[in-house]
file data.txt (compact mmCIF, C-alpha atoms)
# COMPACT_ATOMS: atom_id res chain seq x y z
CA MET K 1 198.43 39.00 150.75
CA ALA K 2 200.73 36.24 151.97
CA THR K 3 198.74 34.08 154.34
CA ALA K 4 201.38 31.49 155.16
CA PRO K 5 205.10 32.05 155.62
CA ALA K 6 206.97 31.28 152.40
CA PRO K 7 208.44 27.81 152.39
CA SER K 8 212.17 27.81 152.91
CA PRO K 9 214.32 26.66 151.20
CA ALA K 10 212.62 27.58 147.96
CA ARG K 11 211.39 24.81 145.68
CA ILE K 12 212.51 25.10 142.06
CA SER K 13 210.84 22.74 139.59
CA MET K 14 213.00 21.47 136.77
CA ILE K 15 210.73 20.74 133.82
CA ALA K 16 212.02 20.16 130.28
CA GLY K 17 215.34 21.79 131.12
CA ARG K 18 213.71 24.93 132.52
CA TYR K 19 213.80 26.11 136.10
CA LEU K 20 210.39 27.23 137.35
CA VAL K 21 208.89 28.55 140.58
CA PHE K 22 205.15 27.95 140.86
CA ASP K 23 204.54 29.30 144.35
CA ALA K 24 203.76 33.01 144.72
CA ASP K 25 205.18 33.23 148.24
CA THR K 26 208.41 31.57 147.12
CA ALA K 27 208.70 33.93 144.16
CA ALA K 28 208.18 36.87 146.54
CA LEU K 29 210.77 35.51 148.95
CA LEU K 30 213.35 35.07 146.19
CA ARG K 31 212.71 38.58 144.96
CA ARG K 32 212.82 40.18 148.40
CA ASN K 33 215.66 38.28 150.03
CA GLU K 34 217.78 36.83 147.26
CA ASN K 35 217.46 39.58 144.63
CA VAL K 36 216.30 37.05 142.07
CA ASN K 37 213.34 38.35 140.10
CA GLY K 38 213.24 35.81 137.26
CA THR K 39 210.90 36.13 134.32
CA LEU K 40 207.14 35.66 134.49
CA THR K 41 206.18 33.03 131.93
CA GLY K 42 202.63 31.93 132.77
CA THR K 43 199.92 33.12 130.41
CA ALA K 44 196.11 33.06 130.50
CA PRO K 45 194.62 29.62 129.64
CA GLN K 46 192.02 31.21 127.39
CA GLN K 47 194.50 33.47 125.61
CA PRO K 48 197.67 31.41 125.47
CA THR K 49 199.31 33.59 122.85
CA GLN K 50 199.04 36.90 124.70
CA ASN K 51 202.27 38.04 126.30
CA ILE K 52 201.27 41.29 127.99
CA PHE K 53 199.76 39.96 131.21
CA LEU K 54 202.05 37.19 132.35
CA GLY K 55 202.00 35.51 135.74
CA LEU K 56 203.28 32.45 137.54
CA PRO K 57 205.35 30.38 137.04
CA VAL K 58 208.50 32.43 137.30
CA GLU K 59 211.31 31.08 135.17
CA LEU K 60 214.87 31.32 136.48
CA ARG K 61 218.03 31.17 134.44
CA PRO K 62 219.96 27.90 134.97
CA GLU K 63 222.89 29.79 136.50
CA GLU K 64 220.53 31.61 138.88
CA ALA K 65 219.08 28.29 140.01
CA GLU K 66 222.62 27.00 140.47
CA ALA K 67 223.61 30.03 142.55
CA LEU K 68 220.54 29.63 144.78
CA VAL K 69 221.15 25.92 145.30
CA ARG K 70 224.78 26.59 146.06
CA ARG K 71 223.77 29.11 148.72
CA LYS K 72 221.35 26.49 150.09
CA VAL K 73 218.34 28.79 149.80
CA ALA K 74 216.69 26.59 147.17
CA TYR K 75 216.50 22.98 146.05
CA LEU K 76 215.74 21.45 142.67
CA VAL K 77 213.05 18.87 141.94
CA ASP K 78 212.73 16.87 138.74
CA ASP K 79 208.98 17.50 138.64
CA VAL K 80 208.09 15.14 135.79
CA ALA K 81 209.77 12.16 137.43
CA ALA K 82 208.34 13.05 140.86
CA HIS K 83 204.79 13.37 139.52
CA GLN K 84 204.99 10.14 137.54
CA SER K 85 206.24 8.31 140.58
CA VAL K 86 203.47 9.62 142.83
CA LEU K 87 200.66 9.19 140.33
CA ARG K 88 201.65 5.66 139.36
CA ASN K 89 201.93 4.48 142.94
CA PRO K 90 198.74 5.72 144.61
CA ASP K 91 199.22 6.12 148.32
CA PRO K 92 196.06 6.75 150.41
CA ASP K 93 197.91 9.01 152.83
CA ALA K 94 199.35 11.15 150.07
CA ARG K 95 195.93 11.36 148.44
CA LYS K 96 194.33 12.45 151.68
CA ALA K 97 197.04 15.05 152.30
CA TYR K 98 196.50 16.47 148.83
CA LEU K 99 192.72 16.62 149.25
CA ASP K 100 193.17 18.27 152.63
CA SER K 101 195.44 20.90 151.12
CA LEU K 102 192.80 21.62 148.47
CA LYS K 103 190.16 21.91 151.17
CA THR K 104 192.31 24.33 153.16
CA ARG K 105 192.77 26.43 150.08
CA LYS K 106 189.03 26.48 149.45
CA GLN K 107 188.33 27.54 153.01
CA THR K 108 190.90 30.31 152.74
CA ALA K 109 189.32 31.54 149.53
CA GLN K 110 185.88 31.41 151.11
CA ARG K 111 187.01 33.36 154.12
CA VAL K 112 188.71 36.05 152.05
CA PHE K 113 185.62 36.32 149.87
CA ALA K 114 183.31 36.60 152.86
CA GLU K 115 185.52 39.25 154.45
CA GLN K 116 185.56 41.27 151.27
CA ASN K 117 181.80 41.09 150.94
CA ALA K 118 181.26 42.06 154.54
CA LYS K 119 183.55 45.04 154.08
CA ARG K 120 181.77 46.12 150.93
CA ALA K 121 178.37 45.74 152.56
CA ALA K 122 179.49 47.79 155.54
CA GLU K 123 180.73 50.53 153.20
CA VAL K 124 177.42 50.60 151.31
CA ALA K 125 175.50 50.64 154.55
CA GLU K 126 177.54 53.53 155.83
CA ARG K 127 176.99 55.50 152.65
CA HIS K 128 173.22 55.04 152.82
CA GLY K 129 173.00 55.47 156.55
CA VAL K 130 171.57 52.02 157.12
CA PRO K 131 172.58 50.52 160.46
CA ALA K 132 175.17 47.82 159.87
CA SER K 133 173.33 45.36 162.11
CA ARG K 134 170.47 45.08 159.62
CA LEU K 135 172.80 44.00 156.81
CA LYS K 136 174.72 41.46 158.75
CA LYS K 137 173.16 38.54 156.98
CA LEU K 138 174.03 39.69 153.46
CA PRO K 139 177.59 38.36 153.05
CA ASN K 140 176.60 34.92 154.22
CA ALA K 141 173.81 34.73 151.69
CA ASP K 142 176.22 35.58 148.86
CA ASP K 143 178.65 33.05 150.15
CA ASP K 144 176.11 30.25 150.04
CA ALA K 145 175.09 31.03 146.51
CA LEU K 146 178.62 30.94 145.18
CA PHE K 147 180.27 28.17 147.08
CA SER K 148 177.23 26.11 148.21
CA SER K 149 178.81 25.47 151.54
CA ASN K 150 175.71 23.69 152.77
CA PRO K 151 177.29 20.92 154.85
CA SER K 152 175.07 18.00 153.78
CA GLU K 153 175.37 18.84 150.08
CA SER K 154 179.11 19.27 150.10
CA SER K 155 179.79 16.08 152.02
CA SER K 156 177.70 13.99 149.63
CA ARG K 157 179.54 15.48 146.68
CA GLN K 158 182.88 14.92 148.25
CA GLN K 159 182.20 11.22 148.25
CA ASP K 160 181.67 10.83 144.51
CA GLY K 161 184.54 13.06 143.47
CA ALA K 162 186.28 15.20 145.98
CA ALA K 163 188.16 17.32 143.51
CA LYS K 164 184.98 18.25 141.67
CA SER K 165 183.22 19.68 144.70
CA LEU K 166 186.05 22.05 145.51
CA GLY K 167 185.48 25.46 144.05
CA VAL K 168 189.11 26.45 143.60
CA THR K 169 191.32 25.73 140.62
CA PRO K 170 194.69 24.69 142.01
CA THR K 171 197.55 26.60 140.44
CA SER K 172 200.14 24.06 141.47
CA SER K 173 200.26 20.39 142.27
CA GLY K 174 203.17 20.94 144.64
CA SER K 175 201.36 19.62 147.71
CA LEU K 176 200.84 16.29 145.94
CA ILE K 177 204.51 15.53 146.33
CA SER K 178 205.98 15.02 149.76
CA ARG K 179 209.39 16.31 150.80
CA GLU K 180 210.68 12.72 150.82
CA THR K 181 209.67 12.20 147.19
CA GLU K 182 211.22 15.56 146.30
CA ARG K 183 214.46 14.45 147.87
CA VAL K 184 214.42 11.22 145.85
CA PHE K 185 213.77 13.10 142.60
CA GLY K 186 216.11 16.01 143.12
CA ALA K 187 217.44 17.34 139.82
CA GLU K 188 221.10 17.81 139.12
CA LYS K 189 222.59 21.25 139.45
CA PRO K 190 222.88 23.09 136.13
CA ALA K 191 226.11 24.58 134.86
CA GLU K 192 227.36 27.47 136.97
CA GLY K 193 227.67 31.08 135.87
CA PRO K 194 230.43 32.83 137.82
CA LEU K 195 229.45 36.34 136.69
CA CYS K 196 225.78 35.74 137.55
CA ARG K 197 226.72 34.37 140.96
CA PHE K 198 229.05 37.30 141.59
CA LEU K 199 226.35 39.83 140.63
CA LEU K 200 223.74 38.11 142.83
CA SER K 201 226.08 37.97 145.80
CA SER K 202 226.88 41.67 145.30
CA GLY K 203 223.18 42.51 145.59
CA TYR K 204 222.44 43.24 141.93
CA TYR K 205 219.26 42.20 140.12
CA MET K 206 219.27 40.87 136.58
CA THR K 207 216.83 40.71 133.71
CA PRO K 208 217.50 39.23 130.27
CA GLY K 209 219.93 41.40 128.33
CA LEU K 210 219.20 40.21 124.82
CA ARG K 211 217.42 43.38 123.76
CA PHE K 212 220.64 45.27 124.47
CA GLY K 213 222.92 42.71 122.88
CA ALA K 214 224.28 41.36 126.15
CA LYS K 215 223.55 38.47 128.45
CA TYR K 216 222.16 40.40 131.42
CA SER K 217 220.73 43.81 132.20
CA VAL K 218 222.09 44.54 135.65
CA TYR K 219 220.09 46.67 138.10
CA PRO K 220 221.35 48.18 141.36
CA GLY K 221 218.01 47.32 143.02
CA ASP K 222 214.63 45.91 142.15
CA PRO K 223 214.02 46.42 138.40
CA LEU K 224 210.63 47.97 139.20
CA ARG K 225 212.38 50.79 141.08
CA PHE K 226 215.65 51.31 139.22
CA HIS K 227 217.05 51.69 135.75
CA ALA K 228 219.73 49.22 134.74
CA HIS K 229 223.31 50.36 135.28
CA PHE K 230 225.08 47.71 133.22
CA MET K 231 224.76 45.49 130.20
CA ALA K 232 226.79 42.47 131.19
CA SER K 233 228.33 39.57 129.30
CA GLN K 234 230.27 36.71 130.78
CA TYR K 235 233.47 35.38 129.22
CA ASP K 236 235.83 32.60 130.15
CA TRP K 237 239.19 33.81 131.39
CA ASP K 238 241.01 32.85 128.19
CA GLU K 239 238.06 33.22 125.82
CA GLU K 240 238.85 35.50 122.90
CA ILE K 241 236.86 38.73 122.87
CA PRO K 242 236.83 40.51 119.49
CA ILE K 243 237.67 44.19 119.95
CA LEU K 244 234.77 45.04 117.66
CA ASP K 245 232.36 43.38 120.16
CA ILE K 246 233.75 45.58 122.91
CA VAL K 247 233.34 48.71 120.80
CA ALA K 248 229.81 47.68 119.80
CA GLY K 249 228.78 46.74 123.34
CA GLY K 250 230.29 49.89 124.82
CA ARG K 251 228.64 52.10 122.28
CA LEU K 252 225.20 50.51 122.62
CA ALA K 253 225.32 50.54 126.41
CA THR K 254 226.39 54.21 126.46
CA ALA K 255 223.56 55.08 124.05
CA VAL K 256 221.06 53.74 126.60
CA LYS K 257 222.89 55.38 129.56
CA LYS K 258 224.47 52.22 130.84
CA ALA K 259 227.97 50.79 131.04
CA PHE K 260 229.03 47.63 129.24
CA LEU K 261 230.32 45.10 131.74
CA ILE K 262 232.52 42.14 130.88
CA GLY K 263 233.56 39.68 133.50
CA GLY K 264 234.61 36.17 134.28
CA GLN K 265 236.31 33.94 136.78
CA GLU K 266 240.06 34.04 137.19
CA PRO K 267 241.51 30.54 137.40
CA ARG K 268 243.06 29.70 140.74
CA LEU K 269 246.50 28.21 140.96
CA ASP K 270 245.69 26.00 143.94
CA ALA K 271 242.72 24.40 142.11
CA SER K 272 240.19 25.61 144.64
CA PRO K 273 236.67 25.60 143.19
CA ASP K 274 235.93 29.32 143.35
CA GLY K 275 238.35 31.67 141.67
CA LYS K 276 238.01 35.40 141.96
CA VAL K 277 235.57 37.03 139.55
CA ARG K 278 237.01 40.08 137.81
CA THR K 279 234.91 42.59 135.94
CA PHE K 280 235.60 45.58 133.70
CA SER K 281 233.16 48.40 132.90
CA LEU K 282 233.23 50.20 129.56
CA GLU K 283 231.80 53.53 128.57
CA TRP K 284 232.21 55.72 125.54
CA ALA K 285 234.82 58.34 126.41
CA ALA K 286 233.01 61.17 124.53
CA MET K 287 236.10 62.25 122.62
CA MET P 288 257.27 55.17 113.78
CA GLY P 289 258.67 53.49 116.82
CA PRO P 290 262.11 51.99 116.80
CA SER P 291 260.78 48.41 116.92
CA HIS P 292 258.66 48.44 113.74
CA SER P 293 256.02 46.03 115.09
CA PRO P 294 252.27 46.27 114.41
CA VAL P 295 251.64 46.90 118.12
CA ALA P 296 254.14 49.79 118.16
CA ASP P 297 252.59 51.24 115.01
CA VAL P 298 249.10 51.18 116.50
CA ALA P 299 250.42 52.85 119.66
CA SER P 300 252.21 55.57 117.72
CA THR P 301 249.09 56.26 115.60
CA VAL P 302 247.04 56.74 118.76
CA LEU P 303 249.74 58.92 120.32
CA ARG P 304 249.74 61.21 117.28
CA ASN P 305 245.96 61.32 117.27
CA LEU P 306 245.89 62.32 120.93
CA GLN P 307 248.55 64.95 120.32
CA ASP P 308 247.25 66.47 117.09
CA GLN P 309 243.49 66.05 117.29
CA HIS P 310 242.78 66.04 121.01
CA ASP P 311 245.53 68.43 122.19
CA TRP P 312 247.00 66.09 124.79
CA ILE P 313 250.41 66.96 126.19
CA SER P 314 253.32 65.22 127.94
CA LEU P 315 252.69 62.12 125.83
CA HIS P 316 255.03 59.18 125.91
CA VAL P 317 254.86 55.44 125.33
CA LYS P 318 255.70 53.33 128.32
CA SER P 319 256.82 49.87 127.28
CA THR P 320 257.97 47.15 129.58
CA ALA P 321 259.51 43.97 128.22
CA GLY P 322 256.89 41.27 127.72
CA ARG P 323 254.05 43.73 128.33
CA ARG P 324 251.81 45.61 126.00
CA PRO P 325 253.01 49.24 125.60
CA LEU P 326 250.78 51.86 127.24
CA ILE P 327 250.57 55.55 126.41
CA ARG P 328 250.68 58.07 129.24
CA GLY P 329 249.53 61.62 128.72
CA LEU P 330 247.65 64.65 129.99
CA PRO P 331 244.38 65.68 128.31
CA PRO P 332 243.54 69.42 128.00
CA ARG P 333 240.65 69.09 130.46
CA ARG P 334 239.28 66.53 132.91
CA LEU P 335 238.36 63.42 130.92
CA TYR P 336 236.33 61.59 133.52
CA MET P 337 234.54 62.32 136.75
CA HIS P 338 232.72 59.64 138.73
CA PRO P 339 228.95 60.37 138.80
CA ASP P 340 228.94 60.59 142.62
CA ASP P 341 231.84 63.07 142.57
CA GLN P 342 230.02 65.07 139.92
CA ILE P 343 226.86 65.29 142.02
CA ALA P 344 228.93 66.37 145.02
CA ALA P 345 230.79 68.98 142.95
CA LEU P 346 227.57 70.39 141.50
CA THR P 347 226.00 70.62 144.96
CA ARG P 348 229.09 72.39 146.22
CA GLU P 349 228.99 74.78 143.28
CA LYS P 350 225.38 75.62 144.03
CA ALA P 351 226.03 76.19 147.70
CA THR P 352 229.38 77.98 147.70
CA GLY P 353 229.92 79.09 144.11
CA GLU P 354 233.08 77.01 143.96
CA PRO P 355 233.39 75.85 140.33
CA VAL P 356 233.28 72.17 139.38
CA PRO P 357 236.91 71.01 139.16
CA SER P 358 238.05 70.53 135.59
CA ASP P 359 241.81 70.21 136.09
CA PRO P 360 243.04 67.29 134.01
CA GLU P 361 244.48 64.06 135.35
CA TYR P 362 247.11 61.89 133.67
CA GLU P 363 245.56 59.01 131.79
CA TRP P 364 246.75 55.59 130.67
CA VAL P 365 245.88 54.73 127.07
CA LEU P 366 245.82 51.21 125.61
CA ALA P 367 245.96 51.21 121.80
CA VAL P 368 244.35 48.26 120.03
CA HIS P 369 243.31 47.29 116.51
CA PRO P 370 239.84 45.85 115.68
CA GLU P 371 241.46 42.78 114.15
CA GLU P 372 242.82 41.85 117.56
CA LYS P 373 241.20 39.49 119.98
CA TRP P 374 241.68 40.14 123.67
CA THR P 375 240.84 38.06 126.71
CA LEU P 376 239.79 38.93 130.25
CA GLY P 377 243.23 37.71 131.30
CA GLY P 378 244.86 40.18 128.91
CA PHE P 379 242.89 43.14 130.25
CA ALA P 380 243.55 42.02 133.82
CA SER P 381 247.31 41.98 133.23
CA VAL P 382 247.14 45.49 131.74
CA PHE P 383 245.31 46.74 134.83
CA ASP P 384 247.71 44.89 137.11
CA SER P 385 250.63 46.68 135.45
CA ILE P 386 249.20 50.10 136.32
CA TYR P 387 250.11 51.82 139.54
CA HIS P 388 247.20 53.83 140.88
CA VAL P 389 246.31 55.63 144.07
CA GLY P 390 243.04 57.38 144.76
CA PRO P 391 239.53 56.68 145.94
CA ARG P 392 238.17 55.65 142.55
CA ALA P 393 238.71 52.49 140.51
CA LYS P 394 241.64 52.09 138.13
CA ARG P 395 240.83 53.18 134.61
CA ILE P 396 242.40 53.09 131.19
CA LEU P 397 241.40 54.69 127.92
CA LEU P 398 240.89 52.00 125.29
CA ALA P 399 241.79 53.46 121.90
CA THR P 400 240.79 51.42 118.87
CA VAL P 401 242.43 52.32 115.56
CA HIS P 402 240.72 51.24 112.39
CA ASN P 403 242.62 50.80 109.11
CA ASP P 404 241.11 54.05 107.85
CA SER P 405 242.82 55.85 110.80
CA THR P 406 239.57 56.37 112.69
CA VAL P 407 240.28 56.23 116.41
CA VAL P 408 237.51 55.56 118.90
CA TYR P 409 238.04 56.00 122.64
CA TYR P 410 236.34 54.04 125.41
CA LEU P 411 236.85 54.38 129.13
CA MET P 412 237.50 51.06 130.79
CA HIS P 413 237.28 50.73 134.56
CA GLU P 414 238.36 47.89 136.74
CA GLY P 415 235.36 46.46 138.57
CA MET P 416 231.78 47.66 138.43
CA VAL P 417 231.68 51.42 137.98
CA LYS P 418 228.24 52.86 137.38
CA PRO P 419 227.73 54.91 134.22
CA ARG P 420 227.85 58.68 134.07
CA GLN P 421 224.59 60.56 133.65
CA ASN P 422 225.16 61.90 130.17
call {"tool": "encode", "arguments": {"input": "data.txt", "output": "structure tokens"}}
result
Amino acid sequence: MATAPAPSPARISMIAGRYLVFDADTAALLRRNENVNGTLTGTAPQQPTQNIFLGLPVELRPEEAEALVRRKVAYLVDDVAAHQSVLRNPDPDARKAYLDSLKTRKQTAQRVFAEQNAKRAAEVAERHGVPASRLKKLPNADDDALFSSNPSESSSRQQDGAAKSLGVTPTSSGSLISRETERVFGAEKPAEGPLCRFLLSSGYYMTPGLRFGAKYSVYPGDPLRFHAHFMASQYDWDEEIPILDIVAGGRLATAVKKAFLIGGQEPRLDASPDGKVRTFSLEWAAM
Amino acid sequence: MGPSHSPVADVASTVLRNLQDQHDWISLHVKSTAGRRPLIRGLPPRRLYMHPDDQIAALTREKATGEPVPSDPEYEWVLAVHPEEKWTLGGFASVFDSIYHVGPRAKRILLATVHNDSTVVYYLMHEGMVKPRQN
């Protein structure tokens, strides 16, 4: 479905202390190349309380965002500050760029719709044995009715309110903000998570682990294709771990055919920023 | 009871007796180094652990050649702890660092937790990320 190459590095919006990705291509890129799947958090505007069919934006854990920024595959934008700055200081060029991007999106939608209709019409024609040439006009007629792409009409409407005449509902206001503005309003990196970074760099995927009493469920590949192998919790090197927590975690993980993983960063003597991450896997011994 | 009547030695000796009397382990002894936590070394009656990949390979071999899945036991290291204790990653790391191990698979210890009611629960602890067995 991707029509344009995904923007790189990936843009992560920081809004109210949460790290969100609004662009579908970026979310796909992160999932495919960076083994970051995140959590879908967007719901349907007419059914805001339903939580079965969730979509964009994708929410990332702060430590995932940190790991991506550190690897220079993503950058953070303080979206509230950036939007306020742009909207309070109207700039004709920025406005035009935004309207152009909406127009492009509309044209893309129109084209896809027309192609789909043409395909469907051709299929129907084939089934009924009607020569395709006689139906050629059909898709265009549909198109006109839905999008009213009559040139004179659309241009007159564009003058009194450009946004109104465009038939698409934008899912993101990302194109309103230029890369320069994004650079000015870059958000600070959140606190790091050494275990999360280690797991990401080792090619593992993570989903929230709360339902198994841990911080992460760790998958050896995409969570849609694999079962989790580990329930993982991060500890500081000298943080006290009650033995009962280890027994409980090990038992629960074994009951769901996983191993309980504890891990953390070993402090370095020479004060270099990245110490070695050490992990330990626990399983019930069945004796 | 051990010669040095400390809580740690008592926990270790309880686990050693449990391994010997309930689980039929043999060649058991406590290995204590000064400044280090004592570890129990012993031989279980049958293989305690097999890596899932090794198990798949052994089962395939059994199917193809009739050669039985190996069940000869291996010596194990046992760390005896009490639920009242609090450990750290650093503590576990130093236990693993004190173990000498050769072989293709990750270092492992058997974590034995002794409750006050003498219940002992055993957990396998591996160094690094070792995927779970297919129980």
call {"tool": "atom_distance", "arguments": {"input": "data.txt", "atom1": "CA of Gln116 in chain K", "atom2": "CA of Leu224 in chain K"}}
result
28.6 Å
call {"tool": "interface_residues", "arguments": {"input": "data.txt", "of": "chain K", "to": "chain P", "cutoff": "9 Å", "atoms": "only C-alpha atoms", "output": "PyMOL selection string"}}
result
chain K and resi 229-230+235-244+247+250-251+254+257-266+278-287
call {"tool": "write_last_selection", "arguments": {"input": "data.txt", "atoms": "C-alpha atoms", "output": "CSV table (one decimal), in the coordinates of the input"}}
result
chain,number,residue,atom,x,y,z
K,229,HIS,CA,223.3,50.4,135.3
K,230,PHE,CA,225.1,47.7,133.2
K,235,TYR,CA,233.5,35.4,129.2
K,236,ASP,CA,235.8,32.6,130.2
K,237,TRP,CA,239.2,33.8,131.4
K,238,ASP,CA,241.0,32.8,128.2
K,239,GLU,CA,238.1,33.2,125.8
K,240,GLU,CA,238.8,35.5,122.9
K,241,ILE,CA,236.9,38.7,122.9
K,242,PRO,CA,236.8,40.5,119.5
K,243,ILE,CA,237.7,44.2,120.0
K,244,LEU,CA,234.8,45.0,117.7
K,247,VAL,CA,233.3,48.7,120.8
K,250,GLY,CA,230.3,49.9,124.8
K,251,ARG,CA,228.6,52.1,122.3
K,254,THR,CA,226.4,54.2,126.5
K,257,LYS,CA,222.9,55.4,129.6
K,258,LYS,CA,224.5,52.2,130.8
K,259,ALA,CA,228.0,50.8,131.0
K,260,PHE,CA,229.0,47.6,129.2
K,261,LEU,CA,230.3,45.1,131.7
K,262,ILE,CA,232.5,42.1,130.9
K,263,GLY,CA,233.6,39.7,133.5
K,264,GLY,CA,234.6,36.2,134.3
K,265,GLN,CA,236.3,33.9,136.8
K,266,GLU,CA,240.1,34.0,137.2
K,278,ARG,CA,237.0,40.1,137.8
K,279,THR,CA,234.9,42.6,135.9
K,280,PHE,CA,235.6,45.6,133.7
K,281,SER,CA,233.2,48.4,132.9
K,282,LEU,CA,233.2,50.2,129.6
K,283,GLU,CA,231.8,53.5,128.6
K,284,TRP,CA,232.2,55.7,125.5
K,285,ALA,CA,234.8,58.3,126.4
K,286,ALA,CA,233.0,61.2,124.5
K,287,MET,CA,236.1,62.2,122.6
call {"tool": "residues_around", "arguments": {"input": "data.txt", "residues": "range 298-300 of chain P", "least_positions_apart": "5", "cutoff": "10 Å", "atoms": "all atoms listed in the file", "output": "PyMOL selection string"}}
result
chain P and resi 288-289+293+305-306+316-317+324-327+365-369+399-403+405
call {"tool": "atom_distance", "arguments": {"input": "data.txt", "atom1": "CA of Arg105 in chain K", "atom2": "CA of Asp93 in chain K"}}
result
18.4 Å
call {"tool": "atom_distance", "arguments": {"input": "data.txt", "atom1": "CA of Gly203 in chain K", "atom2": "CA of Asp274 in chain K"}}
result
18.5 Å
call {"tool": "closest_residue", "arguments": {"input": "data.txt", "among": "K:Gly167, K:Pro208, K:Gly186, K:Gly17", "to": "Gln107 in chain K", "atoms": "only C-alpha atoms"}}
result
K:Gly167
call {"tool": "residues_near_point", "arguments": {"input": "data.txt", "point": "(209.4, 33.8, 136.1)", "cutoff": "7 Å", "atoms": "all atoms listed in the file", "output": "PyMOL selection string"}}
result
chain K and resi 20-21+38-41+56-60
call {"tool": "closest_residue", "arguments": {"input": "data.txt", "among": "K:Thr181, K:Ser8, K:Asn33, K:Thr108", "to": "Gly221 in chain K", "atoms": "only C-alpha atoms"}}
result
K:Asn33
call {"tool": "closest_residue", "arguments": {"input": "data.txt", "among": "K:Lys96, K:Ile15, K:Arg31, K:Gly193", "to": "Asp222 in chain K", "atoms": "all atoms listed in the file"}}
result
K:Arg31
call {"tool": "residues_around", "arguments": {"input": "data.txt", "residues": "Glu182 in chain K", "least_positions_apart": "6", "cutoff": "8 Å", "atoms": "all atoms listed in the file", "output": "list in words"}}
result
Val77, Asp78 and Ala82 of chain K
call {"tool": "closest_residue", "arguments": {"input": "data.txt", "among": "P:Thr301, P:Ser385, P:Gln342, P:Thr406", "to": "Gly322 in chain P", "atoms": "all atoms listed in the file"}}
result
P:Ser385
